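Containing PDB, C-alpha atoms: data04.pdb.
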ATOM      1  CA  MET N   1     -75.845 102.558 -21.370
ATOM      2  CA  GLU N   2     -74.932  98.877 -21.455
ATOM      3  CA  GLU N   3     -73.862  97.378 -24.689
ATOM      4  CA  ARG N   4     -75.751  94.271 -25.770
ATOM      5  CA  SER N   5     -73.570  91.502 -27.001
ATOM      6  CA  GLU N   6     -75.167  89.781 -29.877
ATOM      7  CA  THR N   7     -74.232  86.310 -31.039
ATOM      8  CA  PRO N   8     -72.715  86.572 -34.458
ATOM      9  CA  PHE N   9     -74.813  85.134 -37.265
ATOM     10  CA  THR N  10     -73.692  81.699 -38.351
ATOM     11  CA  PRO N  11     -74.727  80.532 -41.801
ATOM     12  CA  ALA N  12     -76.525  77.223 -42.011
ATOM     13  CA  ASP N  13     -73.787  75.701 -44.131
ATOM     14  CA  SER N  14     -70.913  76.799 -41.863
ATOM     15  CA  PRO N  15     -68.704  74.080 -40.284
ATOM     16  CA  SER N  16     -69.736  75.013 -36.743
ATOM     17  CA  ARG N  17     -73.422  74.757 -37.586
ATOM     18  CA  ARG N  18     -72.898  71.420 -39.387
ATOM     19  CA  LYS N  19     -71.212  69.933 -36.319
ATOM     20  CA  GLU N  20     -74.298  70.573 -34.238
ATOM     21  CA  VAL N  21     -76.488  68.424 -36.476
ATOM     22  CA  PRO N  22     -76.688  64.916 -34.946
ATOM     23  CA  ILE N  23     -75.629  62.111 -37.229
ATOM     24  CA  PRO N  24     -78.227  59.340 -37.309
ATOM     25  CA  PRO N  25     -76.943  55.883 -36.415
ATOM     26  CA  PRO N  26     -76.424  53.511 -39.320
ATOM     27  CA  SER N  27     -79.441  51.382 -40.086
ATOM     28  CA  PRO N  28     -79.040  47.642 -39.507
ATOM     29  CA  ALA N  29     -78.512  45.421 -42.508
ATOM     30  CA  SER N  30     -81.749  44.380 -44.118
ATOM     31  CA  LEU N  31     -82.819  40.775 -44.392
ATOM     32  CA  GLY N  32     -81.498  39.047 -47.476
ATOM     33  CA  ILE N  33     -82.727  36.161 -49.558
ATOM     34  CA  LEU N  34     -80.405  33.748 -47.705
ATOM     35  CA  ASN N  35     -82.000  34.614 -44.369
ATOM     36  CA  TYR N  36     -85.449  33.728 -45.678
ATOM     37  CA  LEU N  37     -84.097  30.555 -47.298
ATOM     38  CA  ASN N  38     -82.553  29.483 -43.988
ATOM     39  CA  LEU N  39     -85.877  29.994 -42.248
ATOM     40  CA  LEU N  40     -87.630  27.982 -44.963
ATOM     41  CA  ALA N  41     -84.958  25.273 -44.650
ATOM     42  CA  PHE N  42     -85.741  24.911 -40.959
ATOM     43  CA  PHE N  43     -89.410  24.232 -41.709
ATOM     44  CA  PHE N  44     -88.337  21.668 -44.318
ATOM     45  CA  ASN N  45     -86.035  20.104 -41.753
ATOM     46  CA  TYR N  46     -88.762  20.106 -39.107
ATOM     47  CA  GLY N  47     -91.247  18.450 -41.429
ATOM     48  CA  ALA N  48     -88.726  15.813 -42.492
ATOM     49  CA  ASN N  49     -87.680  14.985 -38.929
ATOM     50  CA  ILE N  50     -91.151  14.451 -37.488
ATOM     51  CA  PRO N  51     -91.604  10.983 -39.082
ATOM     52  CA  GLN N  52     -88.134   9.981 -37.912
ATOM     53  CA  ALA N  53     -88.820  11.200 -34.386
ATOM     54  CA  ALA N  54     -91.968   9.111 -34.237
ATOM     55  CA  SER N  55     -90.126   5.874 -35.031
ATOM     56  CA  PHE N  56     -87.037   4.455 -36.642
ATOM     57  CA  ASP N  57     -89.106   3.214 -39.577
ATOM     58  CA  TRP N  58     -86.642   4.155 -42.284
ATOM     59  CA  PHE N  59     -88.523   1.991 -44.737
ATOM     60  CA  SER N  60     -92.118   2.869 -43.921
ATOM     61  CA  ALA N  61     -93.549   0.908 -46.861
ATOM     62  CA  ARG N  62     -92.663  -2.314 -45.017
ATOM     63  CA  ASP N  63     -92.297  -3.653 -41.518
ATOM     64  CA  ILE N  64     -89.347  -2.210 -39.619
ATOM     65  CA  ASN N  65     -88.723  -5.547 -37.887
ATOM     66  CA  GLN N  66     -87.994  -7.051 -41.277
ATOM     67  CA  TYR N  67     -85.128  -4.563 -41.679
ATOM     68  CA  LYS N  68     -83.661  -4.850 -38.193
ATOM     69  CA  SER N  69     -79.873  -5.210 -38.293
ATOM     70  CA  LEU N  70     -77.111  -5.502 -35.721
ATOM     71  CA  LEU N  71     -76.532  -1.753 -35.980
ATOM     72  CA  THR N  72     -80.144  -0.719 -35.308
ATOM     73  CA  PRO N  73     -80.247   1.505 -32.173
ATOM     74  CA  SER N  74     -82.896   1.518 -29.497
ATOM     75  CA  VAL N  75     -85.901   3.812 -29.822
ATOM     76  CA  MET N  76     -84.710   6.073 -27.010
ATOM     77  CA  THR N  77     -81.780   7.134 -29.201
ATOM     78  CA  SER N  78     -84.197   9.102 -31.395
ATOM     79  CA  ALA N  79     -84.466  11.687 -28.596
ATOM     80  CA  ILE N  80     -81.493  13.427 -30.183
ATOM     81  CA  ILE N  81     -83.742  14.431 -33.096
ATOM     82  CA  ASP N  82     -85.715  16.703 -30.755
ATOM     83  CA  VAL N  83     -82.453  18.351 -29.663
ATOM     84  CA  ILE N  84     -81.432  18.862 -33.302
ATOM     85  CA  ILE N  85     -84.788  20.484 -34.118
ATOM     86  CA  LEU N  86     -84.511  22.732 -31.049
ATOM     87  CA  PHE N  87     -81.056  24.088 -31.877
ATOM     88  CA  GLN N  88     -81.790  24.502 -35.569
ATOM     89  CA  GLY N  89     -84.938  26.411 -34.630
ATOM     90  CA  ILE N  90     -82.784  28.705 -32.482
ATOM     91  CA  PHE N  91     -80.416  29.203 -35.417
ATOM     92  CA  ALA N  92     -83.287  29.939 -37.804
ATOM     93  CA  VAL N  93     -84.631  32.669 -35.500
ATOM     94  CA  VAL N  94     -81.290  34.176 -34.471
ATOM     95  CA  GLN N  95     -79.976  34.470 -38.029
ATOM     96  CA  MET N  96     -82.924  36.780 -38.774
ATOM     97  CA  MET N  97     -81.863  39.251 -36.073
ATOM     98  CA  PRO N  98     -79.975  42.458 -37.013
ATOM     99  CA  SER N  99     -76.752  41.509 -35.225
ATOM    100  CA  TYR N 100     -76.439  38.154 -37.024
ATOM    101  CA  ARG N 101     -78.305  38.420 -40.335
ATOM    102  CA  SER N 102     -75.271  39.773 -42.215
ATOM    103  CA  SER N 103     -72.674  37.721 -40.342
ATOM    104  CA  ASP N 104     -70.086  35.951 -42.485
ATOM    105  CA  LEU N 105     -70.876  32.696 -40.684
ATOM    106  CA  VAL N 106     -74.458  32.981 -41.933
ATOM    107  CA  GLN N 107     -73.905  34.505 -45.360
ATOM    108  CA  ARG N 108     -70.723  32.675 -46.353
ATOM    109  CA  GLY N 109     -70.537  29.851 -43.819
ATOM    110  CA  VAL N 110     -74.086  28.561 -44.316
ATOM    111  CA  GLY N 111     -75.087  30.247 -47.551
ATOM    112  CA  CYS N 112     -77.413  28.176 -49.740
ATOM    113  CA  TRP N 113     -76.150  24.892 -48.303
ATOM    114  CA  TYR N 114     -78.737  24.666 -45.521
ATOM    115  CA  ILE N 115     -81.689  24.784 -47.914
ATOM    116  CA  SER N 116     -79.883  22.238 -50.116
ATOM    117  CA  ALA N 117     -79.407  19.909 -47.147
ATOM    118  CA  SER N 118     -83.061  20.181 -46.161
ATOM    119  CA  THR N 119     -84.116  19.452 -49.745
ATOM    120  CA  CYS N 120     -82.025  16.265 -49.725
ATOM    121  CA  GLN N 121     -83.641  15.309 -46.446
ATOM    122  CA  LEU N 122     -87.108  15.734 -47.909
ATOM    123  CA  CYS N 123     -86.121  13.617 -50.919
ATOM    124  CA  LEU N 124     -84.917  10.745 -48.761
ATOM    125  CA  VAL N 125     -88.142  10.885 -46.721
ATOM    126  CA  LEU N 126     -90.161  10.700 -49.936
ATOM    127  CA  GLY N 127     -88.038   7.740 -50.972
ATOM    128  CA  TYR N 128     -89.124   5.692 -47.959
ATOM    129  CA  ALA N 129     -92.352   4.630 -49.637
ATOM    130  CA  SER N 130     -90.856   3.821 -53.030
ATOM    131  CA  ILE N 131     -89.882   0.370 -54.220
ATOM    132  CA  PHE N 132     -86.222   1.403 -54.222
ATOM    133  CA  ASP N 133     -86.474   2.756 -50.689
ATOM    134  CA  ALA N 134     -83.187   1.412 -49.303
ATOM    135  CA  LEU N 135     -80.951   2.490 -52.174
ATOM    136  CA  PHE N 136     -82.849   5.736 -52.805
ATOM    137  CA  SER N 137     -82.854   6.966 -49.226
ATOM    138  CA  THR N 138     -79.235   5.942 -48.605
ATOM    139  CA  PHE N 139     -78.116   7.879 -51.694
ATOM    140  CA  PHE N 140     -79.824  11.070 -50.536
ATOM    141  CA  MET N 141     -78.549  10.512 -47.004
ATOM    142  CA  GLY N 142     -75.025  10.504 -48.448
ATOM    143  CA  ALA N 143     -75.737  13.728 -50.344
ATOM    144  CA  PHE N 144     -77.212  15.185 -47.146
ATOM    145  CA  LEU N 145     -74.020  14.325 -45.271
ATOM    146  CA  VAL N 146     -71.742  15.837 -47.928
ATOM    147  CA  ILE N 147     -73.648  19.132 -47.787
ATOM    148  CA  LEU N 148     -73.497  19.283 -43.976
ATOM    149  CA  LEU N 149     -69.747  18.639 -44.083
ATOM    150  CA  GLN N 150     -69.460  21.511 -46.549
ATOM    151  CA  ILE N 151     -71.253  23.823 -44.099
ATOM    152  CA  ILE N 152     -68.899  22.813 -41.293
ATOM    153  CA  LYS N 153     -65.843  23.392 -43.490
ATOM    154  CA  ARG N 154     -67.028  26.799 -44.677
ATOM    155  CA  GLN N 155     -67.819  27.913 -41.130
ATOM    156  CA  SER N 156     -64.390  26.725 -40.003
ATOM    157  CA  ASP N 157     -62.731  28.733 -42.780
ATOM    158  CA  VAL N 158     -64.671  31.860 -41.804
ATOM    159  CA  SER N 159     -63.741  31.409 -38.125
ATOM    160  CA  ALA N 160     -60.065  31.052 -39.025
ATOM    161  CA  LEU N 161     -60.143  34.471 -40.728
ATOM    162  CA  ASP N 162     -62.421  36.252 -38.242
ATOM    163  CA  GLY N 163     -61.545  36.116 -34.543
ATOM    164  CA  SER N 164     -64.964  37.485 -33.550
ATOM    165  CA  ALA N 165     -66.566  34.305 -34.958
ATOM    166  CA  GLN N 166     -64.909  32.135 -32.317
ATOM    167  CA  THR N 167     -66.942  33.173 -29.273
ATOM    168  CA  VAL N 168     -68.922  30.737 -27.147
ATOM    169  CA  GLU N 169     -72.202  32.419 -28.097
ATOM    170  CA  ILE N 170     -71.485  32.062 -31.823
ATOM    171  CA  PHE N 171     -70.572  28.404 -31.357
ATOM    172  CA  TRP N 172     -73.826  27.420 -29.644
ATOM    173  CA  ILE N 173     -76.271  29.328 -31.839
ATOM    174  CA  ILE N 174     -74.641  29.094 -35.297
ATOM    175  CA  LYS N 175     -72.103  26.240 -35.366
ATOM    176  CA  PHE N 176     -73.434  23.677 -32.883
ATOM    177  CA  PRO N 177     -76.768  22.966 -34.684
ATOM    178  CA  PHE N 178     -74.927  21.795 -37.805
ATOM    179  CA  LEU N 179     -72.258  19.872 -35.903
ATOM    180  CA  LEU N 180     -74.965  18.033 -33.976
ATOM    181  CA  GLN N 181     -76.915  17.140 -37.098
ATOM    182  CA  THR N 182     -73.764  16.093 -38.952
ATOM    183  CA  GLY N 183     -72.823  13.633 -36.209
ATOM    184  CA  TRP N 184     -76.296  12.088 -36.334
ATOM    185  CA  VAL N 185     -76.340  11.899 -40.136
ATOM    186  CA  VAL N 186     -72.919  10.180 -40.103
ATOM    187  CA  PHE N 187     -74.477   7.413 -38.021
ATOM    188  CA  LEU N 188     -77.647   7.263 -40.142
ATOM    189  CA  PHE N 189     -75.661   7.020 -43.362
ATOM    190  CA  ILE N 190     -73.465   4.139 -42.170
ATOM    191  CA  TRP N 191     -76.508   2.459 -40.621
ATOM    192  CA  GLY N 192     -78.404   2.765 -43.925
ATOM    193  CA  ILE N 193     -75.550   1.075 -45.791
ATOM    194  CA  ASN N 194     -75.490  -1.653 -43.147
ATOM    195  CA  ILE N 195     -79.220  -2.304 -43.586
ATOM    196  CA  PHE N 196     -78.921  -2.364 -47.372
ATOM    197  CA  LEU N 197     -76.040  -4.869 -47.255
ATOM    198  CA  THR N 198     -77.659  -6.984 -44.521
ATOM    199  CA  PHE N 199     -80.807  -7.643 -46.517
ATOM    200  CA  THR N 200     -79.008  -7.958 -49.829
ATOM    201  CA  ILE N 201     -76.866 -10.846 -48.555
ATOM    202  CA  ASN N 202     -78.824 -12.446 -45.724
ATOM    203  CA  TYR N 203     -76.148 -14.585 -44.080
ATOM    204  CA  LEU N 204     -75.096 -14.379 -40.439
ATOM    205  CA  TRP N 205     -71.371 -14.288 -41.208
ATOM    206  CA  PHE N 206     -71.953 -11.410 -43.638
ATOM    207  CA  GLN N 207     -74.034  -9.520 -41.060
ATOM    208  CA  LEU N 208     -71.214  -9.867 -38.538
ATOM    209  CA  ALA N 209     -68.631  -8.753 -41.093
ATOM    210  CA  SER N 210     -70.783  -5.772 -42.119
ATOM    211  CA  PHE N 211     -71.293  -4.809 -38.485
ATOM    212  CA  HIS N 212     -67.552  -4.800 -37.763
ATOM    213  CA  ILE N 213     -66.792  -2.865 -40.951
ATOM    214  CA  CYS N 214     -69.266  -0.221 -39.771
ATOM    215  CA  LEU N 215     -67.498  -0.091 -36.396
ATOM    216  CA  ILE N 216     -64.200   0.480 -38.203
ATOM    217  CA  CYS N 217     -65.822   3.324 -40.147
ATOM    218  CA  PHE N 218     -67.006   4.905 -36.894
ATOM    219  CA  VAL N 219     -63.506   4.592 -35.429
ATOM    220  CA  TRP N 220     -62.057   6.298 -38.511
ATOM    221  CA  VAL N 221     -64.561   9.159 -38.156
ATOM    222  CA  GLY N 222     -63.593   9.574 -34.492
ATOM    223  CA  VAL N 223     -59.862   9.603 -35.278
ATOM    224  CA  LYS N 224     -60.394  12.012 -38.174
ATOM    225  CA  THR N 225     -62.376  14.517 -36.115
ATOM    226  CA  LEU N 226     -60.242  14.356 -32.961
ATOM    227  CA  ILE N 227     -56.686  13.682 -34.142
ATOM    228  CA  LEU N 228     -56.247  13.887 -37.931
ATOM    229  CA  HIS N 229     -58.211  17.112 -38.172
ATOM    230  CA  GLU N 230     -57.616  20.419 -39.928
ATOM    231  CA  GLY N 231     -57.764  23.271 -37.468
ATOM    232  CA  LYS N 232     -59.399  22.672 -34.114
ATOM    233  CA  PRO N 233     -60.652  19.220 -33.005
ATOM    234  CA  ASN N 234     -64.337  18.457 -33.436
ATOM    235  CA  TYR N 235     -65.771  17.210 -30.135
ATOM    236  CA  VAL N 236     -69.461  17.156 -31.062
ATOM    237  CA  ILE N 237     -69.492  14.439 -33.741
ATOM    238  CA  PRO N 238     -67.731  11.779 -31.570
ATOM    239  CA  LEU N 239     -70.100  12.529 -28.682
ATOM    240  CA  VAL N 240     -73.122  12.067 -30.971
ATOM    241  CA  LEU N 241     -71.656   8.758 -32.170
ATOM    242  CA  SER N 242     -71.193   7.760 -28.532
ATOM    243  CA  TRP N 243     -74.908   8.293 -27.928
ATOM    244  CA  ALA N 244     -75.806   6.293 -31.044
ATOM    245  CA  MET N 245     -73.509   3.386 -30.163
ATOM    246  CA  LEU N 246     -74.991   3.269 -26.677
ATOM    247  CA  GLY N 247     -78.378   2.774 -28.311
ATOM    248  CA  VAL N 248     -76.902   0.000 -30.485
ATOM    249  CA  ALA N 249     -75.463  -1.777 -27.430
ATOM    250  CA  LEU N 250     -78.859  -1.709 -25.721
ATOM    251  CA  ASN N 251     -80.719  -3.060 -28.754
ATOM    252  CA  VAL N 252     -78.668  -5.967 -30.109
ATOM    253  CA  ASP N 253     -80.998  -8.656 -31.456
ATOM    254  CA  GLY N 254     -79.536 -12.061 -30.641
ATOM    255  CA  ARG N 255     -82.348 -14.236 -31.956
ATOM    256  CA  ASN N 256     -80.138 -15.794 -34.622
ATOM    257  CA  MET N 257     -76.920 -15.827 -32.588
ATOM    258  CA  SER N 258     -75.518 -17.615 -29.588
ATOM    259  CA  ASP N 259     -75.500 -15.902 -26.214
ATOM    260  CA  TRP N 260     -71.746 -15.347 -26.156
ATOM    261  CA  MET N 261     -71.832 -13.723 -29.598
ATOM    262  CA  THR N 262     -74.637 -11.417 -28.538
ATOM    263  CA  ILE N 263     -72.701 -10.394 -25.430
ATOM    264  CA  LEU N 264     -69.575  -9.813 -27.537
ATOM    265  CA  ILE N 265     -71.406  -7.503 -29.944
ATOM    266  CA  GLN N 266     -72.994  -5.609 -27.054
ATOM    267  CA  PHE N 267     -69.562  -5.243 -25.448
ATOM    268  CA  GLU N 268     -67.998  -3.943 -28.676
ATOM    269  CA  ALA N 269     -70.745  -1.380 -29.232
ATOM    270  CA  GLY N 270     -70.667  -0.306 -25.574
ATOM    271  CA  ALA N 271     -66.871  -0.058 -25.555
ATOM    272  CA  LEU N 272     -66.932   2.110 -28.669
ATOM    273  CA  ALA N 273     -69.568   4.324 -27.036
ATOM    274  CA  GLY N 274     -67.254   4.732 -24.042
ATOM    275  CA  VAL N 275     -64.265   5.562 -26.245
ATOM    276  CA  PHE N 276     -66.263   8.185 -28.143
ATOM    277  CA  CYS N 277     -67.329   9.695 -24.815
ATOM    278  CA  ILE N 278     -63.916   9.713 -23.126
ATOM    279  CA  GLY N 279     -61.878  10.528 -26.245
ATOM    280  CA  PRO N 280     -63.132  14.113 -26.676
ATOM    281  CA  CYS N 281     -62.518  14.793 -22.979
ATOM    282  CA  VAL N 282     -58.923  13.559 -23.232
ATOM    283  CA  VAL N 283     -58.240  15.515 -26.427
ATOM    284  CA  MET N 284     -59.782  18.651 -24.906
ATOM    285  CA  TRP N 285     -57.521  18.289 -21.845
ATOM    286  CA  ILE N 286     -54.451  17.865 -24.068
ATOM    287  CA  GLU N 287     -55.416  20.914 -26.137
ATOM    288  CA  ARG N 288     -55.889  23.005 -22.995
ATOM    289  CA  ARG N 289     -52.490  21.908 -21.677
ATOM    290  CA  ARG N 290     -50.888  22.728 -25.017
ATOM    291  CA  THR N 291     -52.504  26.172 -25.126
ATOM    292  CA  PHE N 292     -51.429  26.889 -21.548
ATOM    293  CA  GLN N 293     -47.874  25.791 -22.301
ATOM    294  CA  LYS N 294     -47.706  28.038 -25.375
ATOM    295  CA  SER N 295     -48.968  30.977 -23.321
ATOM    296  CA  TYR N 296     -46.430  30.218 -20.583
ATOM    297  CA  ASP N 297     -43.565  29.976 -23.069
ATOM    298  CA  THR N 298     -44.636  33.255 -24.697
ATOM    299  CA  ASP N 299     -44.655  35.034 -21.327
ATOM    300  CA  ASP N 300     -41.174  33.686 -20.553
ATOM    301  CA  THR N 301     -39.879  34.880 -23.934
ATOM    302  CA  ILE N 302     -41.298  38.367 -23.396
ATOM    303  CA  GLU N 303     -39.821  38.525 -19.894
ATOM    304  CA  ILE N 304     -36.375  37.460 -21.114
ATOM    305  CA  ALA N 305     -36.537  40.006 -23.955
ATOM    306  CA  CYS N 306     -37.473  42.782 -21.504
ATOM    307  CA  ASP N 307     -34.624  41.854 -19.136
ATOM    308  CA  THR N 308     -32.135  41.820 -22.008
ATOM    309  CA  SER N 309     -33.362  45.183 -23.265
ATOM    310  CA  TYR N 310     -33.183  46.682 -19.763
ATOM    311  CA  LYS N 311     -29.665  45.422 -19.170
ATOM    312  CA  GLY N 312     -28.554  46.600 -22.602
ATOM    313  CA  GLY N 313     -29.998  50.061 -21.978
ATOM    314  CA  GLY N 314     -28.280  50.224 -18.586
ATOM    315  CA  MET N 315     -24.913  49.367 -20.086
ATOM    316  CA  GLU N 316     -25.310  52.054 -22.759
ATOM    317  CA  MET N 317     -26.136  54.638 -20.122
ATOM    318  CA  ALA N 318     -23.118  53.603 -18.075
TER     319      ALA N 318
END
In structure tokens, how does this file's structure come out?
Amino acid sequence: MEERSETPFTPADSPSRRKEVPIPPPSPASLGILNYLNLLAFFFNYGANIPQAASFDWFSARDINQYKSLLTPSVMTSAIIDVIILFQGIFAVVQMMPSYRSSDLVQRGVGCWYISASTCQLCLVLGYASIFDALFSTFFMGAFLVILLQIIKRQSDVSALDGSAQTVEIFWIIKFPFLLQTGWVVFLFIWGINIFLTFTINYLWFQLASFHICLICFVWVGVKTLILHEGKPNYVIPLVLSWAMLGVALNVDGRNMSDWMTILIQFEAGALAGVFCIGPCVVMWIERRRTFQKSYDTDDTIEIACDTSYKGGGMEMA
């Protein structure tokens, strides 16, 4: 008679039985208050940008031609606003997704600063129709710029500590929208000051002096972002300024100036646009060469160390 082999009874709380129970995967991080605030900030930003995209009427209570200055760009330059809205819309949607909603670049890098920036933008739009439109809107544009610079700095600090935050995908969907908007707001802020000064002291010599001071400010911004920077160079802001200065060169109003002076101002604005376009390319090439050279020197050092260790080991064996 054959003996039946029975499987020994295993209690439910035994280690072998516990191993068979599948462990459920961890649930993704839930949406936080900052994620909803960032989404709300995008709608604020969208609503504030629509009037600007329609025209360059910064001071909508009056005629824009009355406020035309030497630094006023052509209407086609406003196309960059559509690009800004597009990329910030992508950011607003992506930061709600499970893989990005709890990212340090979103939670610590952006934080509450995006909703603060959009609030400043709404305030400056509301200031267009007030009697103090020029001073009011320029003040909030400055506050808007300071907040955007804070976002860029915080994201840069997070990237320096976290290597996973330096990928190409992260750059385009989380960092690039704010870099693009910062470059545009830098131009708008300096342009707003130029308009305020131009119509405060309405003399041609003062307009020319104010225009050249603004050009010097743009040059300083380009040098600061490409050369005198902390961390990696910023290529986006100079390229945005290049686009803006191209619009300035194509829209110089020479009604109150001689032909040679008009051509000179167009040449200066166009030359600065070219410098801001070529400069990032040159700096990027230098940075790539420097990175390659460091990698090459590191490989040579490792090879020399290996040869020395091999020869030393051979001599000990001998």
Step by step, work through what the PyMOL selection byres ((chain N and resi 76) around 10) selects in the shown file, and finish by giving those residues as a compact mmCIF listing (two decimals) with C-alpha atoms, in the coordinates of the input.
# COMPACT_ATOMS: atom_id res chain seq x y z
CA ALA N 53 -88.82 11.20 -34.39
CA SER N 55 -90.13 5.87 -35.03
CA PRO N 73 -80.25 1.50 -32.17
CA SER N 74 -82.90 1.52 -29.50
CA VAL N 75 -85.90 3.81 -29.82
CA THR N 77 -81.78 7.13 -29.20
CA SER N 78 -84.20 9.10 -31.40
CA ALA N 79 -84.47 11.69 -28.60
CA ILE N 80 -81.49 13.43 -30.18
CA ALA N 244 -75.81 6.29 -31.04
CA GLY N 247 -78.38 2.77 -28.31
CA LEU N 250 -78.86 -1.71 -25.72
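With only C-alpha atoms taken into account, the protein and nucleic acid residues at most 8 Å from N:Cys120 (excluding it and anything under 4 positions from it in its own chain) are N:Ser116, N:Leu124, N:Phe140, N:Met141, N:Ala143, N:Phe144.
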Given the selection you just returned, output its residues as a file containing C-alpha atoms, formatted as an mmCIF file, in the frame of the given file.
data_model
loop_
_atom_site.group_PDB
_atom_site.id
_atom_site.type_symbol
_atom_site.label_atom_id
_atom_site.label_comp_id
_atom_site.auth_asym_id
_atom_site.auth_seq_id
_atom_site.Cartn_x
_atom_site.Cartn_y
_atom_site.Cartn_z
ATOM 1 C CA SER N 116 -79.883 22.238 -50.116
ATOM 2 C CA LEU N 124 -84.917 10.745 -48.761
ATOM 3 C CA PHE N 140 -79.824 11.070 -50.536
ATOM 4 C CA MET N 141 -78.549 10.512 -47.004
ATOM 5 C CA ALA N 143 -75.737 13.728 -50.344
ATOM 6 C CA PHE N 144 -77.212 15.185 -47.146
#
Next item on the list: Just the residues within 12 Å of stretch 169-176 of chain N, please, counting only C-alpha atoms, with nothing from its chain fewer than 4 positions along; format it as a PyMOL selection string.
Entry: chain N and resi 38+83-96+99-101+103-107+109-110+114+148-149+151-156+158-159+162-165+180-183+234-237+240
Next item on the list: Would you be able to write out as a count of residues only which residues have an atom within 10 Å of (-58.6, 22.2, -27.9) in the file's coordinates, counting all atoms listed in the file?
Entry: 18
Item checked: Long-range neighbours of stretch 213-218 of chain N as a list in words, 10 Å cut-off, all atoms listed in the file, 6 positions minimum in chain -> Leu71, Val186, Phe187, Ile190, Trp191, Ile193, Asn194, Gln207, Lys224, Pro238, Leu241, Ser242, Met245, Glu268, Ala269, Leu272 and Phe276 of chain N
Next item on the list: Evaluate the PyMOL selection byres ((chain N and resi 37) around 10) and record the selected residues as an MDAnalysis selection string, following the chain and residue labels used in the document.
Entry: chainID N and resid 32:36 38:43 92 111:116
Note to self: Between atom CA of N:Leu31 and atom CA of N:Phe44, what is the distance in Å, rounded to a tenth?
What the structure shows: 19.9 Å
